[in-house]
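Enquirer: A single structure is presented below for examination.
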Amino acid sequence: MAAPQISEIDVLKKNLRRKMADYRQGLSSEDEERLRGFLLKEILAQPARKIAAVWPLAEEVDLRPLCHALSEAGRQVLLPETTPKGSPLIFRRWTPASPMIVGRFGTSHPEGDVDVPDLVLVPFLAFDRFGYRLGYGGGYYDRTLAALNVPAIGFGFAGQQIDAVPTGPYDIPLKMIVTECGVIRTDNPKSL
């Protein structure tokens with residue numbers, strides 16, 4: 001049996017993922033706090049009531065304080081449950097009292113009921129000025145955004161911006177990226 005073909009884009013993405021994972025290890029808690037502050041302000045300015053956030057993995061931006069602030073502000077927080085590969089994520093309702101369950105790939109999600117968000121927060125390893133992002137390689141968020149067709153906000157650090165993210169036919173650009181330096185609005189006509 002022949003080995004699967006690896007494309008040039010796959011190689012570029014793999015190398016970029018490694019580089020950006022190393023970069024994130026040197027960031028401060030103050031940078032993370034500023035990022036959460038800009039993100040909270042932007043979310044509260046939106047009409048969305050059900051916000052899909054993420055529970056952090058190691059070395060990811062910790063959105064747990066943001067989840068608590070959104071809950072206190074009367075917004076419903078939803079957290080993703082990682083589904084089998086090739087499927088969109090599903091989202092479960094979270095409250096500060098929700099028990100968390102260990103999911104696939106070291107993720108955690110609440111026991112809460114399944115619900116549909118009207119705004120999705122999207123993590124990344126890198127992004128560009130066109131709103132394209134480099135995720136972890138599973139395609140979960142691109143599938144999810146395509147299925148939901150709701151607004152999305154990417155979040156990460158300014159130092160994760162690169163000239164151009166290698167893209168494939170299924171990559172969905174974002175209209176908005178929030179970093180510790182503020183909000184970046186893209187003008188890509190394909191973005192959500």
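Chain labels follow the order of the structure tokens: the first chain is A, the next B, and so on; residue numbering restarts at 1 in every chain, and ligands are counted from 1 in their shown order.
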Taking only residues of region 118-185 of chain A that have an atom at most 9 Å from an atom of region 45-50 of chain A, what is each one's shortest atom pair and its distance in Å to one decimal, using only C-alpha atoms, in chain and number order, as a tab-separated table?
Expert:
residue	atom	partner	partner_atom	distance
A:Asp118	CA	A:Lys50	CA	5.5
A:Leu119	CA	A:Ala48	CA	6.0
A:Val120	CA	A:Lys50	CA	8.7
A:Pro151	CA	A:Ala48	CA	9.0
Enquirer: Write a file of the selected residues as a PDB file, in the first residue's frame, keeping all heavy atoms.
Expert:
ATOM      1  N   ASP A 118     -24.589  31.747  18.455  1.00  0.00           N
ATOM      2  CA  ASP A 118     -24.790  32.761  17.431  1.00  0.00           C
ATOM      3  C   ASP A 118     -23.549  33.637  17.266  1.00  0.00           C
ATOM      4  O   ASP A 118     -23.560  34.598  16.500  1.00  0.00           O
ATOM      5  CB  ASP A 118     -26.063  33.589  17.646  1.00  0.00           C
ATOM      6  CG  ASP A 118     -26.289  34.057  19.064  1.00  0.00           C
ATOM      7  OD1 ASP A 118     -25.328  34.129  19.840  1.00  0.00           O
ATOM      8  OD2 ASP A 118     -27.441  34.368  19.397  1.00  0.00           O
ATOM      9  N   LEU A 119     -22.464  33.266  17.952  1.00  0.00           N
ATOM     10  CA  LEU A 119     -21.141  33.862  17.771  1.00  0.00           C
ATOM     11  C   LEU A 119     -20.121  32.819  18.203  1.00  0.00           C
ATOM     12  O   LEU A 119     -20.285  32.200  19.260  1.00  0.00           O
ATOM     13  CB  LEU A 119     -20.977  35.137  18.603  1.00  0.00           C
ATOM     14  CG  LEU A 119     -19.603  35.796  18.587  1.00  0.00           C
ATOM     15  CD1 LEU A 119     -19.287  36.382  17.211  1.00  0.00           C
ATOM     16  CD2 LEU A 119     -19.507  36.873  19.654  1.00  0.00           C
ATOM     17  N   VAL A 120     -19.080  32.622  17.399  1.00  0.00           N
ATOM     18  CA  VAL A 120     -18.068  31.610  17.707  1.00  0.00           C
ATOM     19  C   VAL A 120     -16.702  32.285  17.875  1.00  0.00           C
ATOM     20  O   VAL A 120     -16.269  33.043  17.006  1.00  0.00           O
ATOM     21  CB  VAL A 120     -17.981  30.548  16.582  1.00  0.00           C
ATOM     22  CG1 VAL A 120     -16.898  29.526  16.892  1.00  0.00           C
ATOM     23  CG2 VAL A 120     -19.323  29.860  16.389  1.00  0.00           C
ATOM     24  N   PRO A 151     -21.436  34.699  12.792  1.00  0.00           N
ATOM     25  CA  PRO A 151     -20.217  35.492  12.952  1.00  0.00           C
ATOM     26  C   PRO A 151     -19.190  34.764  13.816  1.00  0.00           C
ATOM     27  O   PRO A 151     -19.543  33.989  14.711  1.00  0.00           O
ATOM     28  CB  PRO A 151     -20.699  36.772  13.637  1.00  0.00           C
ATOM     29  CG  PRO A 151     -22.163  36.834  13.379  1.00  0.00           C
ATOM     30  CD  PRO A 151     -22.627  35.415  13.256  1.00  0.00           C
TER      31      PRO A 151
END
Enquirer: Extract the full set of strand (DSSP E) residues from region 57-111 of chain A according to DSSP on the backbone, and format it as a VMD selection string.
Expert: chain A and resid 76 to 81 90 to 94 100 to 102 108 to 110
Enquirer: With only C-alpha atoms as the atoms that count, which of A:Ala146, A:Ala126, A:Ala58, A:Val165 lies nearest to Ile177 (chain A)?
Expert: A:Ala126
Enquirer: Name all residues at most 6 Å from region 79-94 of chain A (count only C-alpha atoms; drop same-chain ones fewer than 3 positions away) and give them as a ChimeraX atom specification.
Expert: /A:52-54,98,104,109-110,112-115,140,143-144
Enquirer: Just list the residues in region 17-108 of chain A DSSP gives alpha helix (DSSP H) on the backbone, as number ranges by chain.
Expert: A: 17-24, 29-44, 64-72
Enquirer: Those residues you just picked out, can you put them in a file as a JSON list (two decimals), in the first residue's frame with N, CA and C atoms?
Expert:
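Resulting contents of result-v7.json:
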[["chain", "number", "residue", "atom", "x", "y", "z"],
["A", 17, "ARG", "N", 3.04, 25.58, 12.35],
["A", 17, "ARG", "CA", 2.44, 25.19, 13.64],
["A", 17, "ARG", "C", 3.52, 25.03, 14.71],
["A", 18, "ARG", "N", 4.60, 24.38, 14.37],
["A", 18, "ARG", "CA", 5.69, 24.16, 15.32],
["A", 18, "ARG", "C", 6.29, 25.50, 15.76],
["A", 19, "LYS", "N", 6.54, 26.38, 14.80],
["A", 19, "LYS", "CA", 7.13, 27.69, 15.10],
["A", 19, "LYS", "C", 6.22, 28.51, 16.01],
["A", 20, "MET", "N", 4.92, 28.54, 15.72],
["A", 20, "MET", "CA", 3.99, 29.35, 16.50],
["A", 20, "MET", "C", 3.73, 28.76, 17.88],
["A", 21, "ALA", "N", 3.75, 27.46, 18.01],
["A", 21, "ALA", "CA", 3.61, 26.84, 19.33],
["A", 21, "ALA", "C", 4.79, 27.25, 20.22],
["A", 22, "ASP", "N", 5.98, 27.30, 19.65],
["A", 22, "ASP", "CA", 7.17, 27.76, 20.40],
["A", 22, "ASP", "C", 7.02, 29.22, 20.80],
["A", 23, "TYR", "N", 6.52, 30.05, 19.89],
["A", 23, "TYR", "CA", 6.35, 31.48, 20.17],
["A", 23, "TYR", "C", 5.44, 31.71, 21.37],
["A", 24, "ARG", "N", 4.33, 31.00, 21.43],
["A", 24, "ARG", "CA", 3.34, 31.23, 22.48],
["A", 24, "ARG", "C", 3.87, 30.93, 23.87],
["A", 29, "SER", "N", 1.28, 36.74, 31.24],
["A", 29, "SER", "CA", -0.11, 36.72, 31.69],
["A", 29, "SER", "C", -0.75, 38.09, 31.46],
["A", 30, "GLU", "N", 0.05, 39.17, 31.47],
["A", 30, "GLU", "CA", -0.48, 40.50, 31.20],
["A", 30, "GLU", "C", -0.98, 40.60, 29.75],
["A", 31, "ASP", "N", -0.24, 39.99, 28.81],
["A", 31, "ASP", "CA", -0.68, 39.98, 27.41],
["A", 31, "ASP", "C", -2.02, 39.26, 27.30],
["A", 32, "GLU", "N", -2.13, 38.14, 27.99],
["A", 32, "GLU", "CA", -3.36, 37.36, 27.96],
["A", 32, "GLU", "C", -4.53, 38.14, 28.56],
["A", 33, "GLU", "N", -4.27, 38.86, 29.64],
["A", 33, "GLU", "CA", -5.31, 39.65, 30.29],
["A", 33, "GLU", "C", -5.79, 40.78, 29.37],
["A", 34, "ARG", "N", -4.85, 41.45, 28.68],
["A", 34, "ARG", "CA", -5.23, 42.51, 27.73],
["A", 34, "ARG", "C", -6.07, 41.94, 26.59],
["A", 35, "LEU", "N", -5.66, 40.78, 26.08],
["A", 35, "LEU", "CA", -6.40, 40.13, 25.00],
["A", 35, "LEU", "C", -7.83, 39.84, 25.46],
["A", 36, "ARG", "N", -7.99, 39.25, 26.64],
["A", 36, "ARG", "CA", -9.33, 38.95, 27.16],
["A", 36, "ARG", "C", -10.16, 40.22, 27.32],
["A", 37, "GLY", "N", -9.53, 41.32, 27.74],
["A", 37, "GLY", "CA", -10.24, 42.59, 27.90],
["A", 37, "GLY", "C", -10.79, 43.10, 26.57],
["A", 38, "PHE", "N", -9.98, 43.10, 25.53],
["A", 38, "PHE", "CA", -10.44, 43.52, 24.20],
["A", 38, "PHE", "C", -11.53, 42.58, 23.68],
["A", 39, "LEU", "N", -11.34, 41.30, 23.92],
["A", 39, "LEU", "CA", -12.30, 40.30, 23.45],
["A", 39, "LEU", "C", -13.66, 40.49, 24.14],
["A", 40, "LEU", "N", -13.65, 40.68, 25.45],
["A", 40, "LEU", "CA", -14.90, 40.88, 26.19],
["A", 40, "LEU", "C", -15.63, 42.13, 25.68],
["A", 41, "LYS", "N", -14.91, 43.21, 25.52],
["A", 41, "LYS", "CA", -15.52, 44.46, 25.04],
["A", 41, "LYS", "C", -16.16, 44.24, 23.67],
["A", 42, "GLU", "N", -15.48, 43.55, 22.78],
["A", 42, "GLU", "CA", -16.00, 43.31, 21.43],
["A", 42, "GLU", "C", -17.22, 42.40, 21.46],
["A", 43, "ILE", "N", -17.20, 41.36, 22.27],
["A", 43, "ILE", "CA", -18.34, 40.44, 22.36],
["A", 43, "ILE", "C", -19.56, 41.16, 22.91],
["A", 44, "LEU", "N", -19.38, 41.94, 23.96],
["A", 44, "LEU", "CA", -20.51, 42.63, 24.58],
["A", 44, "LEU", "C", -21.11, 43.70, 23.66],
["A", 64, "ARG", "N", -11.09, 31.02, 30.47],
["A", 64, "ARG", "CA", -11.98, 30.76, 31.60],
["A", 64, "ARG", "C", -12.44, 32.05, 32.30],
["A", 65, "PRO", "N", -11.55, 33.05, 32.54],
["A", 65, "PRO", "CA", -12.05, 34.30, 33.13],
["A", 65, "PRO", "C", -13.06, 35.01, 32.22],
["A", 66, "LEU", "N", -12.87, 34.92, 30.92],
["A", 66, "LEU", "CA", -13.81, 35.51, 29.97],
["A", 66, "LEU", "C", -15.16, 34.79, 30.05],
["A", 67, "CYS", "N", -15.14, 33.47, 30.15],
["A", 67, "CYS", "CA", -16.38, 32.70, 30.27],
["A", 67, "CYS", "C", -17.17, 33.15, 31.49],
["A", 68, "HIS", "N", -16.48, 33.34, 32.61],
["A", 68, "HIS", "CA", -17.15, 33.79, 33.83],
["A", 68, "HIS", "C", -17.73, 35.20, 33.64],
["A", 69, "ALA", "N", -16.95, 36.10, 33.02],
["A", 69, "ALA", "CA", -17.42, 37.47, 32.80],
["A", 69, "ALA", "C", -18.64, 37.49, 31.86],
["A", 70, "LEU", "N", -18.63, 36.67, 30.83],
["A", 70, "LEU", "CA", -19.77, 36.60, 29.92],
["A", 70, "LEU", "C", -21.02, 36.07, 30.64],
["A", 71, "SER", "N", -20.83, 35.06, 31.47],
["A", 71, "SER", "CA", -21.94, 34.51, 32.24],
["A", 71, "SER", "C", -22.52, 35.57, 33.17],
["A", 72, "GLU", "N", -21.65, 36.32, 33.84],
["A", 72, "GLU", "CA", -22.10, 37.39, 34.74],
["A", 72, "GLU", "C", -22.83, 38.49, 33.98]]
Enquirer: Mind pulling up the distance from CA of Ala158 (chain A) to CA of Val183 (chain A)?
Expert: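 If I compute the distance from CA of Val183 (chain A) to CA of Ala158 (chain A), I get 10.0 Å.
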Enquirer: For Phe130 (chain A), which residue out of A:Pro96, A:Ser28, A:Leu12, A:Gln161 is the nearest one, using only C-alpha atoms?
Expert: A:Gln161
Enquirer: Work out how far CA of Glu59 (chain A) is from CA of Tyr141 (chain A), in Å to one decimal.
Expert: 18.6 Å
Enquirer: In Å, how far is it from CA of Gly138 (chain A) to CA of Pro166 (chain A)?
Expert: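 For CA of Gly138 (chain A) relative to CA of Pro166 (chain A), the distance reads 15.0 Å.
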